[in-house]
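Peer 1: Next up is a structure, given as structure tokens.
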Amino acid sequence: MVTVTPVEIGGHTFIATTVRLPKTTLLAVSCDKGYIMCGALDVSLLNDQLKDRQIIAGRAVGVKTIEQLLEAPLESVTHEAEKIGVTAGMIGKQALLKMI
């Protein structure tokens, strides 16, 4: 099952996506500029093989819900995310606000 819902943070609307798969759930919260995602996100792949796409993204591990993703510190971020001030250790919702 796929669930897509709006999430408001600091007066801005983001899109939360939950994909329930056998034995795992993929979680992402996005805006026009970038996104944060659960541990399934491969930051190395985005930084290396897809660097020409200049993807702004962050990864949080050990989260099981959108709410946890928003409150969790990011374990890693892409180089493009760093360029706009998103850093590892930053809380998910704080990172999203930098992506506006």
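Ordering of the structure tokens sets the chain letters (A, B, ...); residue numbers start at 1 within each chain; ligands are numbered from 1 in the order shown.
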Write out as number ranges by chain which residues come within 6 Å of segment 44-59 of chain A when counting only C-alpha atoms, dropping same-chain ones fewer than 4 positions away.
Peer 2: A: 34-39, 74-78, 80-81
Peer 1: Tell me, which residues of segment 42-99 of chain A carry DSSP helix (DSSP H, G or I), written as a VMD selection string?
Peer 2: chain A and resid 43 to 47 51 to 53 66 to 71 79 to 83 92 to 98
Peer 1: Would you mind reading off the distance between atom CA of Met1 of chain A and atom CA of Glu71 of chain A, one decimal, in Å?
Peer 2: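 If I compute the distance from atom CA of Met1 of chain A to atom CA of Glu71 of chain A, I get 23.6 Å.
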Peer 1: Go through chain A and collect every residue that DSSP, computed from the backbone, puts in strand (DSSP E); the answer should be as an NGL selection string.
Peer 2: :A and (2-9 or 12-21 or 24-30 or 34-37 or 56-59 or 76-77)
Peer 1: What lies within 10 Å of Ala40 of chain A using only C-alpha atoms, ignoring chain neighbours under 6 positions off, as a ChimeraX atom specification?
Peer 2: /A:24-28,59-61
Peer 1: Nearest residue to Thr5 of chain A out of A:Arg20, A:Ile66, A:Val86, A:Asp42, using only C-alpha atoms?
Peer 2: A:Ile66
Peer 1: Hey, could you make a per-residue contact list for segment 18-94 of chain A against segment 7-12 of chain A with 9 Å as the cut-off, showing the nearest pair of atoms and its distance in Å to one decimal, counting only C-alpha atoms, sorted by chain and number, as a Markdown table?
Peer 2:
| residue | atom | partner | partner_atom | distance |
| --- | --- | --- | --- | --- |
| A:Val29 | CA | A:Val7 | CA | 8.2 |
| A:Lys93 | CA | A:Ile9 | CA | 7.0 |
| A:Gln94 | CA | A:Ile9 | CA | 8.9 |
Peer 1: Which is closest to Ala72 of chain A among A:Ile84, A:Ile91, A:Val2, A:Leu96, if we use only C-alpha atoms?
Peer 2: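 Closest to Ala72 of chain A, using only C-alpha atoms: A:Ile91.
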Peer 1: By how many Å are atom CA of Ala95 of chain A and atom CA of Gly62 of chain A apart?
Peer 2: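 Distance reported for this atom pair: 17.4 Å.
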